[in-house]
>>> print(open('upload00.pdb').read())   # PDB, C-alpha atoms
ATOM      1  CA  MET P   1      36.996  86.302 126.967
ATOM      2  CA  ILE P   2      39.622  83.759 126.012
ATOM      3  CA  SER P   3      40.594  83.938 122.363
ATOM      4  CA  LYS P   4      40.548  80.926 120.063
ATOM      5  CA  ASN P   5      44.282  81.363 119.371
ATOM      6  CA  PHE P   6      45.088  81.016 123.070
ATOM      7  CA  ILE P   7      43.007  77.817 123.367
ATOM      8  CA  PHE P   8      44.663  76.373 120.266
ATOM      9  CA  SER P   9      48.160  77.204 121.588
ATOM     10  CA  LEU P  10      47.382  75.656 124.974
ATOM     11  CA  ALA P  11      46.121  72.450 123.342
ATOM     12  CA  ALA P  12      49.230  72.236 121.160
ATOM     13  CA  VAL P  13      51.514  72.605 124.194
ATOM     14  CA  CYS P  14      49.642  69.857 126.055
ATOM     15  CA  LEU P  15      49.876  67.481 123.106
ATOM     16  CA  LEU P  16      53.573  68.221 122.702
ATOM     17  CA  GLY P  17      54.218  67.595 126.383
ATOM     18  CA  GLN P  18      52.329  64.315 126.221
ATOM     19  CA  SER P  19      54.358  63.241 123.191
ATOM     20  CA  ILE P  20      57.654  64.090 124.874
ATOM     21  CA  PHE P  21      56.673  62.290 128.097
ATOM     22  CA  SER P  22      55.614  59.215 126.125
ATOM     23  CA  GLN P  23      58.890  59.119 124.259
ATOM     24  CA  SER P  24      61.042  59.595 127.353
ATOM     25  CA  SER P  25      59.108  56.934 129.237
ATOM     26  CA  ASN P  26      59.189  54.206 126.588
ATOM     27  CA  ASP P  27      62.309  54.884 124.526
ATOM     28  CA  ALA P  28      65.984  54.675 125.388
ATOM     29  CA  PRO P  29      67.719  58.064 125.558
ATOM     30  CA  SER P  30      69.847  58.755 122.515
ATOM     31  CA  LEU P  31      73.620  59.181 122.583
ATOM     32  CA  GLY P  32      73.692  60.804 119.161
ATOM     33  CA  LEU P  33      76.489  58.359 118.272
ATOM     34  CA  PRO P  34      76.822  55.136 116.226
ATOM     35  CA  GLY P  35      76.426  53.118 119.435
ATOM     36  CA  ASP P  36      72.713  53.945 119.410
ATOM     37  CA  ASN P  37      72.390  51.002 117.012
ATOM     38  CA  LEU P  38      73.779  48.472 119.508
ATOM     39  CA  ASP P  39      72.199  48.716 122.947
ATOM     40  CA  LEU P  40      74.859  47.509 125.386
ATOM     41  CA  TYR P  41      72.242  46.953 128.089
ATOM     42  CA  ALA P  42      70.612  44.402 125.793
ATOM     43  CA  VAL P  43      74.038  42.997 124.872
ATOM     44  CA  LEU P  44      74.974  42.424 128.520
ATOM     45  CA  ASP P  45      71.582  40.873 129.158
ATOM     46  CA  LEU P  46      72.139  38.456 126.274
ATOM     47  CA  PHE P  47      75.661  37.677 127.484
ATOM     48  CA  GLN P  48      74.363  36.574 130.884
ATOM     49  CA  LYS P  49      71.749  34.291 129.310
ATOM     50  CA  SER P  50      74.235  32.587 126.977
ATOM     51  CA  LYS P  51      75.773  29.224 127.795
ATOM     52  CA  THR P  52      79.064  29.734 125.943
ATOM     53  CA  ILE P  53      80.899  32.575 124.189
ATOM     54  CA  GLU P  54      80.208  31.033 120.799
ATOM     55  CA  ASP P  55      76.525  30.816 121.692
ATOM     56  CA  PHE P  56      76.622  34.478 122.693
ATOM     57  CA  GLU P  57      78.175  35.460 119.353
ATOM     58  CA  LYS P  58      75.563  33.498 117.419
ATOM     59  CA  SER P  59      72.624  35.002 119.295
ATOM     60  CA  LEU P  60      74.089  38.485 118.981
ATOM     61  CA  ASN P  61      74.095  38.219 115.176
ATOM     62  CA  ASP P  62      70.711  36.526 114.947
ATOM     63  CA  LYS P  63      68.087  38.651 113.209
ATOM     64  CA  ASN P  64      65.370  37.275 115.477
ATOM     65  CA  SER P  65      67.082  38.567 118.619
ATOM     66  CA  GLY P  66      66.953  42.096 117.185
ATOM     67  CA  ILE P  67      69.880  43.246 119.312
ATOM     68  CA  ASN P  68      72.396  44.022 116.588
ATOM     69  CA  ASN P  69      71.464  46.959 114.359
ATOM     70  CA  LEU P  70      74.994  48.238 113.749
ATOM     71  CA  ASP P  71      75.917  49.381 110.236
ATOM     72  CA  LEU P  72      79.330  51.032 110.394
ATOM     73  CA  ASN P  73      80.226  50.652 106.706
ATOM     74  CA  LEU P  74      76.892  52.215 105.670
ATOM     75  CA  ASP P  75      75.841  49.513 103.232
ATOM     76  CA  LYS P  76      72.330  49.480 104.789
ATOM     77  CA  LYS P  77      72.974  45.966 106.116
ATOM     78  CA  VAL P  78      73.587  45.003 109.745
ATOM     79  CA  ASP P  79      77.277  44.191 110.291
ATOM     80  CA  PHE P  80      78.514  40.879 111.658
ATOM     81  CA  ILE P  81      80.060  41.204 115.121
ATOM     82  CA  LYS P  82      82.608  38.650 116.224
ATOM     83  CA  VAL P  83      83.638  38.022 119.828
ATOM     84  CA  THR P  84      87.300  37.417 120.659
ATOM     85  CA  SER P  85      88.450  36.002 123.988
ATOM     86  CA  LYS P  86      91.484  36.566 126.185
ATOM     87  CA  ASN P  87      92.245  35.724 129.793
ATOM     88  CA  GLU P  88      94.956  36.411 132.356
ATOM     89  CA  GLY P  89      94.457  34.042 135.277
ATOM     90  CA  SER P  90      90.949  34.671 136.590
ATOM     91  CA  ASP P  91      90.506  37.852 134.532
ATOM     92  CA  TYR P  92      88.668  37.502 131.223
ATOM     93  CA  THR P  93      88.291  39.931 128.355
ATOM     94  CA  PHE P  94      85.696  39.469 125.586
ATOM     95  CA  VAL P  95      85.988  41.990 122.767
ATOM     96  CA  LEU P  96      83.144  42.687 120.342
ATOM     97  CA  GLN P  97      84.641  43.566 116.953
ATOM     98  CA  ASP P  98      83.135  44.747 113.674
ATOM     99  CA  PRO P  99      85.105  43.836 110.489
ATOM    100  CA  VAL P 100      84.247  47.068 108.678
ATOM    101  CA  SER P 101      86.252  46.216 105.541
ATOM    102  CA  LYS P 102      88.960  43.864 104.293
ATOM    103  CA  THR P 103      91.628  46.006 105.928
ATOM    104  CA  GLU P 104      89.871  47.614 108.906
ATOM    105  CA  THR P 105      88.355  46.371 112.156
ATOM    106  CA  GLN P 106      86.531  48.486 114.708
ATOM    107  CA  ASP P 107      86.218  47.483 118.349
ATOM    108  CA  VAL P 108      82.632  47.980 119.462
ATOM    109  CA  ALA P 109      82.723  47.107 123.153
ATOM    110  CA  VAL P 110      84.641  45.005 125.672
ATOM    111  CA  ILE P 111      83.204  42.767 128.399
ATOM    112  CA  LEU P 112      85.355  42.347 131.512
ATOM    113  CA  VAL P 113      84.860  39.467 133.942
ATOM    114  CA  ASP P 114      87.106  39.116 136.978
ATOM    115  CA  ARG P 115      87.003  37.196 140.251
ATOM    116  CA  ASP P 116      88.674  38.319 143.455
ATOM    117  CA  LYS P 117      90.181  36.185 146.218
ATOM    118  CA  SER P 118      86.885  35.928 148.067
ATOM    119  CA  GLY P 119      85.204  34.447 144.989
ATOM    120  CA  LYS P 120      83.175  37.538 144.133
ATOM    121  CA  VAL P 121      82.780  38.029 140.387
ATOM    122  CA  ASN P 122      82.531  41.441 138.727
ATOM    123  CA  LEU P 123      80.914  41.844 135.312
ATOM    124  CA  GLN P 124      81.092  45.025 133.241
ATOM    125  CA  ILE P 125      80.769  46.109 129.621
ATOM    126  CA  MET P 126      82.444  49.224 128.207
ATOM    127  CA  GLY P 127      81.439  50.831 124.939
ATOM    128  CA  ASP P 128      84.224  51.927 122.621
ATOM    129  CA  GLU P 129      84.860  55.661 122.765
ATOM    130  CA  ASP P 130      84.407  56.088 118.986
ATOM    131  CA  LEU P 131      80.899  54.645 119.187
ATOM    132  CA  TYR P 132      79.656  55.539 122.683
ATOM    133  CA  GLY P 133      81.793  58.389 123.928
ATOM    134  CA  LYS P 134      84.093  58.378 126.946
ATOM    135  CA  ASN P 135      83.526  56.333 130.105
ATOM    136  CA  TYR P 136      80.475  54.435 128.907
ATOM    137  CA  VAL P 137      80.456  51.643 131.520
ATOM    138  CA  ILE P 138      77.512  49.380 132.424
ATOM    139  CA  GLU P 139      77.199  46.707 135.113
ATOM    140  CA  PRO P 140      74.346  44.632 136.588
ATOM    141  CA  LYS P 141      72.517  45.783 139.688
ATOM    142  CA  THR P 142      73.525  43.511 142.556
ATOM    143  CA  THR P 143      70.808  44.767 144.914
ATOM    144  CA  SER P 144      67.057  44.701 144.415
ATOM    145  CA  THR P 145      65.076  47.930 144.127
ATOM    146  CA  ALA P 146      61.349  48.411 144.648
ATOM    147  CA  ALA P 147      59.080  49.843 141.990
ATOM    148  CA  ILE P 148      58.436  53.594 142.121
ATOM    149  CA  THR P 149      55.283  55.169 140.692
ATOM    150  CA  ALA P 150      55.367  58.780 139.596
ATOM    151  CA  ASN P 151      52.824  61.223 141.032
ATOM    152  CA  PRO P 152      52.779  64.426 138.951
ATOM    153  CA  ALA P 153      50.370  66.060 141.426
ATOM    154  CA  TYR P 154      52.800  65.764 144.332
ATOM    155  CA  THR P 155      54.967  68.851 144.789
ATOM    156  CA  GLY P 156      56.644  68.077 148.095
ATOM    157  CA  SER P 157      60.327  67.988 148.963
ATOM    158  CA  ASP P 158      60.967  64.691 147.169
ATOM    159  CA  PRO P 159      58.739  64.511 144.049
ATOM    160  CA  VAL P 160      58.912  61.484 141.771
ATOM    161  CA  ALA P 161      58.813  62.630 138.167
ATOM    162  CA  LYS P 162      59.200  59.248 136.489
ATOM    163  CA  SER P 163      57.969  55.745 137.231
ATOM    164  CA  THR P 164      60.645  53.094 137.785
ATOM    165  CA  PRO P 165      59.872  49.363 137.654
ATOM    166  CA  ALA P 166      61.228  46.964 140.244
ATOM    167  CA  ALA P 167      64.704  45.597 139.538
ATOM    168  CA  GLN P 168      65.796  42.163 140.662
ATOM    169  CA  ALA P 169      69.328  41.693 141.958
ATOM    170  CA  VAL P 170      71.724  39.864 139.659
ATOM    171  CA  VAL P 171      73.943  37.221 141.231
ATOM    172  CA  VAL P 172      76.828  37.314 138.792
ATOM    173  CA  GLU P 173      78.335  34.102 140.128
ATOM    174  CA  ASN P 174      75.177  32.211 139.070
ATOM    175  CA  VAL P 175      75.123  33.562 135.512
ATOM    176  CA  PRO P 176      75.426  30.587 133.077
ATOM    177  CA  VAL P 177      78.245  32.032 130.986
ATOM    178  CA  VAL P 178      80.186  33.037 134.102
ATOM    179  CA  GLN P 179      79.895  29.536 135.519
ATOM    180  CA  TYR P 180      81.092  28.193 132.176
ATOM    181  CA  ILE P 181      84.243  30.318 131.887
ATOM    182  CA  TYR P 182      85.286  29.416 135.444
ATOM    183  CA  SER P 183      84.652  25.709 134.917
ATOM    184  CA  PRO P 184      87.189  23.077 133.736
ATOM    185  CA  ALA P 185      85.102  22.685 130.561
ATOM    186  CA  TYR P 186      85.928  26.190 129.378
ATOM    187  CA  VAL P 187      87.791  26.425 126.087
ATOM    188  CA  PRO P 188      88.907  29.868 124.806
ATOM    189  CA  TYR P 189      86.932  30.857 121.729
ATOM    190  CA  TYR P 190      88.793  32.311 118.744
ATOM    191  CA  PRO P 191      86.419  33.104 115.867
ATOM    192  CA  PRO P 192      87.913  32.454 112.413
ATOM    193  CA  TYR P 193      85.649  35.008 110.731
ATOM    194  CA  TYR P 194      86.610  38.182 108.921
ATOM    195  CA  TYR P 195      85.119  40.641 106.426
ATOM    196  CA  GLY P 196      83.396  38.653 103.689
ATOM    197  CA  TYR P 197      83.742  35.322 105.523
ATOM    198  CA  TYR P 198      80.985  34.590 108.026
ATOM    199  CA  PRO P 199      79.441  31.537 109.700
ATOM    200  CA  PRO P 200      76.779  29.624 107.733
ATOM    201  CA  TYR P 201      73.972  30.759 110.044
ATOM    202  CA  TYR P 202      74.642  34.441 109.390
ATOM    203  CA  VAL P 203      72.621  36.119 106.656
ATOM    204  CA  PRO P 204      72.941  39.922 106.283
ATOM    205  CA  PHE P 205      69.679  41.716 106.958
ATOM    206  CA  ALA P 206      68.495  45.289 106.599
ATOM    207  CA  ALA P 207      69.049  47.764 109.431
ATOM    208  CA  ILE P 208      66.017  49.477 110.959
ATOM    209  CA  SER P 209      65.610  53.072 112.089
ATOM    210  CA  VAL P 210      67.265  54.113 115.333
ATOM    211  CA  ALA P 211      63.956  55.281 116.825
ATOM    212  CA  VAL P 212      62.269  51.906 116.273
ATOM    213  CA  TYR P 213      65.333  50.043 117.535
ATOM    214  CA  ALA P 214      65.575  52.094 120.741
ATOM    215  CA  HIS P 215      61.889  51.588 121.483
ATOM    216  CA  HIS P 216      62.300  47.809 121.347
ATOM    217  CA  HIS P 217      65.157  47.615 123.870
ATOM    218  CA  TYR P 218      64.435  50.175 126.557
ATOM    219  CA  HIS P 219      63.136  47.499 128.933
ATOM    220  CA  HIS P 220      66.688  46.124 129.303
ATOM    221  CA  HIS P 221      67.835  49.293 131.075
ATOM    222  CA  HIS P 222      66.048  48.649 134.363
ATOM    223  CA  HIS P 223      68.462  45.949 135.544
ATOM    224  CA  TYR P 224      71.751  47.810 135.189
ATOM    225  CA  HIS P 225      73.781  50.752 136.419
ATOM    226  CA  GLY P 226      75.826  53.060 134.269
ATOM    227  CA  GLY P 227      75.976  54.425 130.776
ATOM    228  CA  HIS P 228      75.690  58.162 130.317
ATOM    229  CA  TYR P 229      72.262  58.122 131.961
ATOM    230  CA  GLY P 230      70.743  56.221 134.877
ATOM    231  CA  GLY P 231      74.059  56.095 136.714
ATOM    232  CA  GLY P 232      76.412  58.347 134.804
ATOM    233  CA  GLY P 233      79.948  58.461 136.149
ATOM    234  CA  THR P 234      79.110  56.555 139.342
ATOM    235  CA  VAL P 235      80.239  53.272 137.747
ATOM    236  CA  ILE P 236      83.981  52.722 137.832
ATOM    237  CA  ILE P 237      86.123  50.098 136.122
ATOM    238  CA  HIS P 238      86.872  47.352 138.641
ATOM    239  CA  ASN P 239      89.970  45.940 136.948
ATOM    240  CA  LYS P 240      91.806  48.862 135.404
ATOM    241  CA  ASN P 241      94.965  46.870 134.740
ATOM    242  CA  VAL P 242      93.178  44.407 132.470
ATOM    243  CA  TYR P 243      91.319  47.242 130.750
ATOM    244  CA  ASN P 244      94.513  49.219 130.212
ATOM    245  CA  ASN P 245      96.200  46.167 128.712
ATOM    246  CA  TYR P 246      93.268  45.768 126.330
ATOM    247  CA  ASN P 247      93.341  49.448 125.438
ATOM    248  CA  ILE P 248      96.925  49.158 124.167
ATOM    249  CA  ASN P 249      95.819  46.898 121.307
ATOM    250  CA  ARG P 250      92.421  48.492 120.727
ATOM    251  CA  ASN P 251      91.261  48.403 117.096
ATOM    252  CA  ARG P 252      90.052  51.593 115.424
ATOM    253  CA  SER P 253      88.768  52.062 111.882
ATOM    254  CA  ASN P 254      89.594  55.183 109.874
ATOM    255  CA  THR P 255      86.351  54.652 107.955
ATOM    256  CA  VAL P 256      84.330  54.817 111.176
ATOM    257  CA  ILE P 257      86.173  57.911 112.379
ATOM    258  CA  THR P 258      85.644  59.676 109.042
ATOM    259  CA  ASN P 259      81.963  58.740 108.860
ATOM    260  CA  ARG P 260      81.366  59.912 112.398
ATOM    261  CA  GLU P 261      83.146  63.246 111.978
ATOM    262  CA  SER P 262      81.318  63.942 108.711
ATOM    263  CA  GLY P 263      77.936  63.186 110.307
ATOM    264  CA  LYS P 264      77.094  60.186 108.128
ATOM    265  CA  TYR P 265      75.791  58.088 111.005
ATOM    266  CA  ARG P 266      72.153  59.054 111.303
ATOM    267  CA  THR P 267      71.051  59.159 114.916
ATOM    268  CA  PRO P 268      68.230  61.097 116.627
ATOM    269  CA  LYS P 269      70.549  63.728 118.063
ATOM    270  CA  ASN P 270      72.832  64.465 115.154
ATOM    271  CA  SER P 271      70.919  63.675 111.997
ATOM    272  CA  GLY P 272      67.311  64.832 112.030
ATOM    273  CA  ASN P 273      67.922  68.551 112.330
ATOM    274  CA  ARG P 274      71.047  68.413 110.208
ATOM    275  CA  GLN P 275      69.314  66.510 107.423
ATOM    276  CA  GLN P 276      66.343  68.810 107.535
ATOM    277  CA  ALA P 277      68.631  71.827 107.399
ATOM    278  CA  ARG P 278      70.574  70.254 104.520
ATOM    279  CA  ASN P 279      67.357  69.668 102.560
ATOM    280  CA  LEU P 280      66.227  73.222 103.125
ATOM    281  CA  GLU P 281      69.636  74.521 102.135
ATOM    282  CA  GLN P 282      69.662  72.492  98.919
ATOM    283  CA  ARG P 283      66.133  73.602  98.095
ATOM    284  CA  SER P 284      67.045  77.214  98.769
ATOM    285  CA  THR P 285      70.213  76.958  96.669
ATOM    286  CA  LYS P 286      68.300  75.423  93.774
ATOM    287  CA  TYR P 287      65.659  78.120  94.001
ATOM    288  CA  ASN P 288      68.236  80.892  94.190
ATOM    289  CA  LYS P 289      70.093  79.530  91.172
ATOM    290  CA  GLY P 290      66.902  79.603  89.126
ATOM    291  CA  GLU P 291      66.055  83.079  90.298
ATOM    292  CA  SER P 292      69.593  84.266  89.639
ATOM    293  CA  SER P 293      69.414  82.994  86.065
ATOM    294  CA  LYS P 294      66.126  84.772  85.420
ATOM    295  CA  THR P 295      67.325  87.914  87.137
ATOM    296  CA  ARG P 296      70.576  87.871  85.171
ATOM    297  CA  LYS P 297      68.715  87.708  81.840
ATOM    298  CA  TYR P 298      66.350  90.468  82.898
ATOM    299  CA  ASN P 299      69.169  92.693  84.094
ATOM    300  CA  GLN P 300      71.121  92.171  80.918
ATOM    301  CA  SER P 301      68.188  93.327  78.841
ATOM    302  CA  ALA P 302      67.254  96.111  81.243
ATOM    303  CA  ASN P 303      70.811  97.399  81.589
ATOM    304  CA  ARG P 304      71.597  97.246  77.894
ATOM    305  CA  PRO P 305      72.470 100.844  76.838
ATOM    306  CA  ALA P 306      69.779 102.472  74.702
ATOM    307  CA  LYS P 307      70.732 103.760  71.245
ATOM    308  CA  ASN P 308      70.410 107.519  70.871
ATOM    309  CA  TYR P 309      69.448 108.531  67.336
ATOM    310  CA  SER P 310      69.774 112.077  66.133
ATOM    311  CA  GLN P 311      67.108 113.723  63.933
ATOM    312  CA  THR P 312      69.323 113.328  60.848
ATOM    313  CA  GLN P 313      69.903 109.624  61.532
ATOM    314  CA  ARG P 314      66.169 109.074  61.954
ATOM    315  CA  SER P 315      65.409 110.776  58.638
ATOM    316  CA  SER P 316      68.121 108.811  56.883
ATOM    317  CA  ALA P 317      66.812 105.596  58.363
ATOM    318  CA  LEU P 318      63.309 106.381  57.167
ATOM    319  CA  LYS P 319      64.542 107.097  53.647
ATOM    320  CA  THR P 320      66.605 103.922  53.390
ATOM    321  CA  ALA P 321      64.031 101.704  55.046
ATOM    322  CA  PRO P 322      62.170  99.519  52.535
ATOM    323  CA  HIS P 323      58.482 100.309  52.158
ATOM    324  CA  THR P 324      55.590  99.405  49.944
ATOM    325  CA  ALA P 325      54.028 102.203  47.869
ATOM    326  CA  VAL P 326      50.333 102.719  48.298
ATOM    327  CA  LYS P 327      48.352 103.726  45.201
ATOM    328  CA  ARG P 328      45.809 106.459  45.806
ATOM    329  CA  PRO P 329      42.719 106.784  43.668
ATOM    330  CA  VAL P 330      42.823 109.655  41.122
ATOM    331  CA  ARG P 331      39.892 112.003  41.263
ATOM    332  CA  SER P 332      38.312 112.849  37.931
ATOM    333  CA  LYS P 333      37.808 116.493  37.004
ATOM    334  CA  MET P 334      34.244 117.635  36.823
TER     335      MET P 334
END
>>> encode(input="upload00.pdb", output="structure tokens")
Amino acid sequence: MISKNFIFSLAAVCLLGQSIFSQSSNDAPSLGLPGDNLDLYAVLDLFQKSKTIEDFEKSLNDKNSGINNLDLNLDKKVDFIKVTSKNEGSDYTFVLQDPVSKTETQDVAVILVDRDKSGKVNLQIMGDEDLYGKNYVIEPKTTSTAAITANPAYTGSDPVAKSTPAAQAVVVENVPVVQYIYSPAYVPYYPPYYYGYYPPYYVPFAAISVAVYAHHHYHHHHHYHGGHYGGGGTVIIHNKNVYNNYNINRNRSNTVITNRESGKYRTPKNSGNRQQARNLEQRSTKYNKGESSKTRKYNQSANRPAKNYSQTQRSSALKTAPHTAVKRPVRSKM
């Protein structure tokens, strides 16, 4: 006969598995780094839909777009991200920068656009190592892929464990912003903004939780290669010379480095367990301090040496001790 405990355990495992599958299917995988608050798949998608670089910057910082959730200075407000431009011939570099303070700026990511002699245009975005880790490179898929539906019951030689939606090919040359930067109408954009000075349209807004943010942007991932998942190290940098030139003048913030190393950026991988452990540790320390105080008082009284009185000292103490005389009734003689 199957015990009730076994049935309960089996049900719990099934529910846990369902919860994990639901999360992995609908949420973006976590890096455990500050970059979890700025999905570069969504950023690259927005870049391709923008008409100009200034338009891209405005949409990126718009609360309604929901793409920017970065808070590197930990003031619980989403930081303003400016986009600087630089070009060398037909090679363009667009750097996303976060003015963390009056004296520090942190590069967030860099978008590289280059065109070869045949007219083919390459488009890539690279996350900064301090925020996304090493070799975090994303690029559009240039070939279409059919949808794949998972079949958990199939156990053959090539099982499909996860459903994948169809992905349309991206013709980079037809992207509006790409056509703009290679047109005679293009004018390099140099934002005049810095920490404390922002465009009139920008109003600081509260950051949301990483889990909620990731859930809202996972659908962007189906159209791109790269990152640390869904492509891994298969994506290489097309124009290493331009990237290396950018890397020489890369901006890094000591505040960001310190916050990251001390675990102040709360992300699904590096904060939940640590915070829970910290709370338990603080609770345990508080409890132990209280117990130690009580135990110390008890031990002091329990370990206090007892006074040994001799028979003579006891008699002397009884004689010198104050007492009240008791009058006894006098019996009359018969």
>>> atom_distance(input="upload00.pdb", atom1="atom CA of Tyr197 of chain P", atom2="atom CA of Met126 of chain P")
26.6 Å
>>> atom_distance(input="upload00.pdb", atom1="atom CA of Tyr246 of chain P", atom2="atom CA of Val95 of chain P")
8.9 Å
>>> closest_residue(input="upload00.pdb", among="P:Val121, P:Ile81, P:Ala207, P:Leu70", to="Tyr193 of chain P", atoms="all atoms listed in the file")
P:Ile81
>>> atom_distance(input="upload00.pdb", atom1="atom CA of Phe56 of chain P", atom2="atom CA of Asn87 of chain P")
17.2 Å
>>> resolve_selection(input="upload00.pdb", expression="the PyMOL selection byres ((chain P and resi 33-42) around 6)", output="PyMOL selection string")
chain P and resi 31-32+43-45+68-70+131-132+220-221
>>> axis_aligned_box(input="upload00.pdb", around="segment 96-101 of chain P", padding_each_side="6 Å", output="lines of an AutoDock Vina configuration file")
center_x = 84.7
center_y = 44.9
center_z = 112.9
size_x = 15.1
size_y = 16.4
size_z = 26.8
>>> residues_around(input="upload00.pdb", residues="Asp116 of chain P", least_positions_apart="5", cutoff="12 Å", atoms="all atoms listed in the file", output="count of residues only")
9
>>> resolve_selection(input="upload00.pdb", expression="the PyMOL selection byres ((chain P and resi 259) around 12)", output="mmCIF file with C-alpha atoms, in the frame of the given file")
data_model
loop_
_atom_site.group_PDB
_atom_site.id
_atom_site.type_symbol
_atom_site.label_atom_id
_atom_site.label_comp_id
_atom_site.auth_asym_id
_atom_site.auth_seq_id
_atom_site.Cartn_x
_atom_site.Cartn_y
_atom_site.Cartn_z
ATOM 1 C CA LEU P 33 76.489 58.359 118.272
ATOM 2 C CA PRO P 34 76.822 55.136 116.226
ATOM 3 C CA ASP P 71 75.917 49.381 110.236
ATOM 4 C CA LEU P 72 79.330 51.032 110.394
ATOM 5 C CA ASN P 73 80.226 50.652 106.706
ATOM 6 C CA LEU P 74 76.892 52.215 105.670
ATOM 7 C CA VAL P 100 84.247 47.068 108.678
ATOM 8 C CA ASP P 130 84.407 56.088 118.986
ATOM 9 C CA LEU P 131 80.899 54.645 119.187
ATOM 10 C CA SER P 253 88.768 52.062 111.882
ATOM 11 C CA ASN P 254 89.594 55.183 109.874
ATOM 12 C CA THR P 255 86.351 54.652 107.955
ATOM 13 C CA VAL P 256 84.330 54.817 111.176
ATOM 14 C CA ILE P 257 86.173 57.911 112.379
ATOM 15 C CA THR P 258 85.644 59.676 109.042
ATOM 16 C CA ARG P 260 81.366 59.912 112.398
ATOM 17 C CA GLU P 261 83.146 63.246 111.978
ATOM 18 C CA SER P 262 81.318 63.942 108.711
ATOM 19 C CA GLY P 263 77.936 63.186 110.307
ATOM 20 C CA LYS P 264 77.094 60.186 108.128
ATOM 21 C CA TYR P 265 75.791 58.088 111.005
ATOM 22 C CA ARG P 266 72.153 59.054 111.303
#
